[in-house]
Amino acid sequence: EVTFPSNDPDEPAFKITVRAQSVRMDPCNASIVPATLNFGLVSPPNYKDLTFAITNNDTAAGKTCLVSHVVIKAGSDVAFSLPGGDLEQLELQPGQTQQVLVRAWPMGSASQTVTQIMGNVEIGISNPMNPIVDVPLSASVATSCLAITPNDLDFGTVKKGCKSMRRNFSVYNTCSQGVTVNDWGMLAASIIPNGEHGCTQPAGCAEFYIDGAPTFTAGTVITNTSGVNTFTMRYAPLNDGPDTGAFVIKVTQGGQMVDYIVTLRGKGDDQGLNTDTFRQDSKPKADILLIIDNSCSMADEQTNLGLNFTSFISYAMREGIDYHIGVTTTTPANNGVLVGNASNPKVLTPMTPNVETLFRQKVAVGTGGDATEWHAAIAAAALTAPVITNENAGFLRPDAVLAIVVVSDTFDQSPLPASVYENVLRNVKGAQNTNAISFNFVGPTITTTLPAGCSYDGAGPFPGKTVDLVNAFNGLLAEICTPNWGTTLENIGKIAFGYRTSFFLTAEPDLGAGPVVVKIDHADGQGPRVLDQVDERGAPVWRFDQVTNSVVFEPLFVPAPGDVMTVTYTVACL
């Protein structure tokens with residue numbers, strides 16, 4: 001009992017009871033891999049996760065390790081955290097490994113000037129010779145110029161002795177300044193030492209490795225006009241259980257040296273049986289970004305959009321969806337900043353009073369905008385740093401699906417290829433989280449004779465790069481000249497607010513080794529049940545699409561809010 005006396009007349013002594021329990025244990029023989037975590041460049045509002053492993057290296061019975069605590073050490077930068085929470089009183093059995101997830105998430109806005117942040121994870125281990133071990137943490141905070149897609153990849157489960165399918169990575173420069181590649185390769189933490197898990201290479205074995213030469217080398221200058229650079233990777237597990245790795249591209253950006261880190265995950269087992277899990281939130285969240293053409297030819301379309309708010313929002317209201325709606329324009333100078341003022345907030349929600357009236361006012365963005373209309377570039381600007389952290393703060397939520405809806409009577413004049421914007425947008429929700437983002441377009445789609453009374457703004461090309469993004473993100477395409485605005489907006493609303501018919505798998509099934517098995521665990525609590533591809537009446541329920549590597553549902557059978565779906569399959573052994 002510890003007593004703290006004071007001159008407080010109401011409580012002159014404050015007592016704290018301290019308890020502990022001692023145990024007799026052999027000194028722990030533990031290893032921590034990697035010994036340091038370098039997160040590379042992290043640009044707000046994005047974050048990056050890395051892991052390290054604590055392993056009890058003793059395999060004899062009774063050789064238990066006690067990890068008394070795993071915490072972010074006092075004095076570390078506030079950007080570092082343990083998303084899974086602190087660990088306390090963890091016992092590692094002989095040979096057992098504990099993975100620890102660490103997050104670097106700097107807040108506020110970023111500039112082109114690189115700021116270094118530092119920290120430590122403190123680990124208490126039952127070893128009297130070394131009872132406290134630190135894992136140093138470091139990250140660079142600045143505006144990101146290179147868009148690497150995916151920047152985080154899960155290879156899924158792969159059978160030991162097999163290789164995964166090739167996974168392609170794309171590298172673009174989204175800044176006006178060039179970025180020079182200095183070096184690239186796997187981080188040392190990704191390499192298994194010689195003699196462990198069957199590794200026989202003197203320099204160690206990489207379970208994640210580059211397959212073929214990248215299109216860049218040391219000295220390559222990547223500019224925003226040089227197009228896409230690529231590299232390809234595979235995963236070949238040597239042992240059972242989860243693996244993590246990281247690929248680094250070391251560059252000079254704005255005269256400063258920074259690292260771009262691509263995080264990698266996978267799992268090895270004896271069968272190569274992979275299970276993907278999809279959860280439908282019982283109360284889904286959806287962030288809807290409307291990009292509306294504000295050029296001189298768009299008055300009628302803005303009016304029709306405002307008058308059909310009920311059709312657009314009907315699905316969200318019926319399903320009780322927690323939505324955010326933001327509106328911006330196609331004018332490049334606006335840079336994706338959301339429309340709003342003191343009487344009409346930038347973000348409309350189900351709790352906004354008179355939301356229908358405010359929506360009608362908000363989408364009437366006027367016709368005094370620029371004759372050069374950007375679609376994809378505006379979407380990228382509105383959803384990525386630094387705009388989103390300042391002007392658009394509060395719109396984008398990490399746990400919500402994202403829908404981009406462009407309404408324009410002309411083609412996209414964004415300066416870069418559609419593929420560049422596709423990769424930038426994929427990273428907003430994570431390149432593998434394809435189900436969490438859609439791109440929709442109400443605009444010019446007719447390439448032959450236009451209907452009477454219909455005209456487009458400009459000479460084309462139609463349908464243009466916006467349609468490429470609709471296809472890339474499985475959105476809805478509607479013709480602006482001949483729409484039934486009520487039906488069009490109702491259909492877009494279903495997609496925008498989370499109505500998904502396709503669920504994309506993390507790995508490629510080997511259909512010759514076994515079927516794709518779909519199970520649904522309904523919110524009724526009766527447990528998971530296998531879902532047949534046809535129902536008892538012979539009506540199709542779902543199918544596996546090999547071209548898109550996805551499970552595709554018929555609309556009547558899409559998992560409902562609150563349902564959990566698992567897709568299990570044998571991964572192809574390459």
# chains A, B, ... in the order shown; residues from 1 in each chain; ligands from 1
>>> residues_around(residues="Thr223 of chain A", least_positions_apart="5", cutoff="8 Å", atoms="only C-alpha atoms", output="PyMOL selection string")
chain A and resi 172-179
>>> write_last_selection(atoms="all heavy atoms", output="PDB file, in the first residue's frame")
ATOM      1  N   TYR A 172       3.247   5.211 -60.135  1.00  0.00           N
ATOM      2  CA  TYR A 172       3.019   6.454 -60.870  1.00  0.00           C
ATOM      3  C   TYR A 172       3.545   7.624 -60.049  1.00  0.00           C
ATOM      4  O   TYR A 172       3.605   7.566 -58.825  1.00  0.00           O
ATOM      5  CB  TYR A 172       1.531   6.693 -61.109  1.00  0.00           C
ATOM      6  CG  TYR A 172       0.820   5.640 -61.901  1.00  0.00           C
ATOM      7  CD1 TYR A 172       0.252   4.534 -61.290  1.00  0.00           C
ATOM      8  CD2 TYR A 172       0.687   5.769 -63.283  1.00  0.00           C
ATOM      9  CE1 TYR A 172      -0.423   3.568 -62.023  1.00  0.00           C
ATOM     10  CE2 TYR A 172       0.014   4.817 -64.018  1.00  0.00           C
ATOM     11  CZ  TYR A 172      -0.539   3.718 -63.396  1.00  0.00           C
ATOM     12  OH  TYR A 172      -1.208   2.780 -64.111  1.00  0.00           O
ATOM     13  N   ASN A 173       3.865   8.698 -60.743  1.00  0.00           N
ATOM     14  CA  ASN A 173       4.188   9.960 -60.085  1.00  0.00           C
ATOM     15  C   ASN A 173       3.001  10.895 -60.250  1.00  0.00           C
ATOM     16  O   ASN A 173       2.587  11.194 -61.373  1.00  0.00           O
ATOM     17  CB  ASN A 173       5.446  10.586 -60.692  1.00  0.00           C
ATOM     18  CG  ASN A 173       5.905  11.828 -59.936  1.00  0.00           C
ATOM     19  OD1 ASN A 173       5.180  12.371 -59.109  1.00  0.00           O
ATOM     20  ND2 ASN A 173       7.110  12.278 -60.220  1.00  0.00           N
ATOM     21  N   THR A 174       2.455  11.378 -59.150  1.00  0.00           N
ATOM     22  CA  THR A 174       1.305  12.280 -59.195  1.00  0.00           C
ATOM     23  C   THR A 174       1.701  13.720 -58.889  1.00  0.00           C
ATOM     24  O   THR A 174       0.834  14.574 -58.727  1.00  0.00           O
ATOM     25  CB  THR A 174       0.228  11.816 -58.199  1.00  0.00           C
ATOM     26  OG1 THR A 174       0.784  11.796 -56.878  1.00  0.00           O
ATOM     27  CG2 THR A 174      -0.280  10.435 -58.557  1.00  0.00           C
ATOM     28  N   CYS A 175       3.006  14.002 -58.783  1.00  0.00           N
ATOM     29  CA  CYS A 175       3.492  15.359 -58.517  1.00  0.00           C
ATOM     30  C   CYS A 175       4.085  15.960 -59.790  1.00  0.00           C
ATOM     31  O   CYS A 175       4.416  15.255 -60.741  1.00  0.00           O
ATOM     32  CB  CYS A 175       4.545  15.355 -57.417  1.00  0.00           C
ATOM     33  SG  CYS A 175       3.937  14.872 -55.785  1.00  0.00           S
ATOM     34  N   SER A 176       4.242  17.274 -59.765  1.00  0.00           N
ATOM     35  CA  SER A 176       4.840  17.950 -60.915  1.00  0.00           C
ATOM     36  C   SER A 176       6.348  17.733 -60.977  1.00  0.00           C
ATOM     37  O   SER A 176       6.958  17.844 -62.038  1.00  0.00           O
ATOM     38  CB  SER A 176       4.534  19.446 -60.851  1.00  0.00           C
ATOM     39  OG  SER A 176       5.021  20.003 -59.639  1.00  0.00           O
ATOM     40  N   GLN A 177       6.980  17.426 -59.843  1.00  0.00           N
ATOM     41  CA  GLN A 177       8.423  17.223 -59.789  1.00  0.00           C
ATOM     42  C   GLN A 177       8.771  15.757 -60.035  1.00  0.00           C
ATOM     43  O   GLN A 177       8.006  14.863 -59.710  1.00  0.00           O
ATOM     44  CB  GLN A 177       8.963  17.644 -58.424  1.00  0.00           C
ATOM     45  CG  GLN A 177       8.345  16.866 -57.271  1.00  0.00           C
ATOM     46  CD  GLN A 177       8.787  17.366 -55.920  1.00  0.00           C
ATOM     47  OE1 GLN A 177       9.663  18.200 -55.820  1.00  0.00           O
ATOM     48  NE2 GLN A 177       8.181  16.841 -54.862  1.00  0.00           N
ATOM     49  N   GLY A 178       9.935  15.510 -60.607  1.00  0.00           N
ATOM     50  CA  GLY A 178      10.382  14.150 -60.823  1.00  0.00           C
ATOM     51  C   GLY A 178      10.880  13.505 -59.545  1.00  0.00           C
ATOM     52  O   GLY A 178      11.330  14.178 -58.612  1.00  0.00           O
ATOM     53  N   VAL A 179      10.784  12.184 -59.496  1.00  0.00           N
ATOM     54  CA  VAL A 179      11.256  11.397 -58.358  1.00  0.00           C
ATOM     55  C   VAL A 179      12.310  10.425 -58.886  1.00  0.00           C
ATOM     56  O   VAL A 179      12.047   9.679 -59.831  1.00  0.00           O
ATOM     57  CB  VAL A 179      10.108  10.640 -57.678  1.00  0.00           C
ATOM     58  CG1 VAL A 179      10.644   9.709 -56.594  1.00  0.00           C
ATOM     59  CG2 VAL A 179       9.095  11.614 -57.092  1.00  0.00           C
TER      60      VAL A 179
END
>>> residues_around(residues="segment 326-336 of chain A", least_positions_apart="3", cutoff="6 Å", atoms="only C-alpha atoms", output="list in words")
Leu289, Leu290, Ile291, Ile292, Asp293, Val339, Val347, Gly369, Asp370, Glu373, Trp374, His375, Ile378, Ala381 and Ala382 of chain A
>>> closest_residue(among="A:Asn130, A:Asn38, A:Ser419, A:Ser111", to="Asn471 of chain A", atoms="only C-alpha atoms")
A:Ser419
>>> residues_around(residues="Thr263 of chain A", least_positions_apart="5", cutoff="12 Å", atoms="only C-alpha atoms", output="PyMOL selection string")
chain A and resi 37-40+47-51+148-155+169+186-187+189-190+208+233+243-249+430-431
>>> residues_around(residues="Val121 of chain A", least_positions_apart="6", cutoff="7 Å", atoms="only C-alpha atoms", output="VMD selection string")
chain A and resid 70 to 73 134 to 136
>>> write_last_selection(atoms="all heavy atoms", output="CSV table (one decimal), in the first residue's frame")
chain,number,residue,atom,x,y,z
A,70,VAL,N,3.5,-5.3,-23.7
A,70,VAL,CA,3.9,-4.7,-25.0
A,70,VAL,C,3.2,-3.4,-25.2
A,70,VAL,O,1.9,-3.4,-25.3
A,70,VAL,CB,3.6,-5.7,-26.2
A,70,VAL,CG1,4.0,-5.0,-27.5
A,70,VAL,CG2,4.3,-7.0,-26.0
A,71,VAL,N,3.9,-2.3,-25.1
A,71,VAL,CA,3.2,-1.0,-25.2
A,71,VAL,C,4.0,0.0,-26.0
A,71,VAL,O,5.2,-0.3,-26.3
A,71,VAL,CB,3.1,-0.4,-23.8
A,71,VAL,CG1,2.2,-1.3,-22.9
A,71,VAL,CG2,4.4,-0.2,-23.1
A,72,ILE,N,3.4,1.1,-26.5
A,72,ILE,CA,4.1,2.2,-27.1
A,72,ILE,C,4.8,2.9,-26.0
A,72,ILE,O,4.2,3.3,-25.0
A,72,ILE,CB,3.2,3.1,-27.9
A,72,ILE,CG1,2.5,2.4,-29.0
A,72,ILE,CG2,4.0,4.3,-28.4
A,72,ILE,CD1,3.4,1.9,-30.1
A,73,LYS,N,6.1,3.0,-26.1
A,73,LYS,CA,7.0,3.6,-25.1
A,73,LYS,C,6.7,5.1,-24.9
A,73,LYS,O,6.5,5.8,-25.9
A,73,LYS,CB,8.4,3.4,-25.4
A,73,LYS,CG,9.4,3.7,-24.2
A,73,LYS,CD,10.8,3.2,-24.5
A,73,LYS,CE,11.7,3.4,-23.3
A,73,LYS,NZ,13.1,2.9,-23.6
A,134,ASP,N,13.4,-2.8,-26.6
A,134,ASP,CA,12.7,-1.8,-27.5
A,134,ASP,C,12.8,-2.2,-28.9
A,134,ASP,O,13.8,-2.7,-29.4
A,134,ASP,CB,13.3,-0.5,-27.3
A,134,ASP,CG,13.0,0.2,-25.9
A,134,ASP,OD1,12.1,-0.4,-25.2
A,134,ASP,OD2,13.6,1.2,-25.6
A,135,VAL,N,11.7,-1.9,-29.6
A,135,VAL,CA,11.6,-2.0,-31.1
A,135,VAL,C,11.5,-0.6,-31.6
A,135,VAL,O,10.5,0.0,-31.5
A,135,VAL,CB,10.5,-2.9,-31.6
A,135,VAL,CG1,10.4,-2.9,-33.1
A,135,VAL,CG2,10.6,-4.3,-31.1
A,136,PRO,N,12.6,0.0,-32.2
A,136,PRO,CA,12.6,1.3,-32.7
A,136,PRO,C,11.6,1.5,-33.8
A,136,PRO,O,11.5,0.6,-34.7
A,136,PRO,CB,14.0,1.6,-33.1
A,136,PRO,CG,14.8,0.6,-32.3
A,136,PRO,CD,14.0,-0.6,-32.2
>>> closest_residue(among="A:Val517, A:Leu82, A:Val365, A:Leu92", to="Leu137 of chain A", atoms="only C-alpha atoms")
A:Leu82
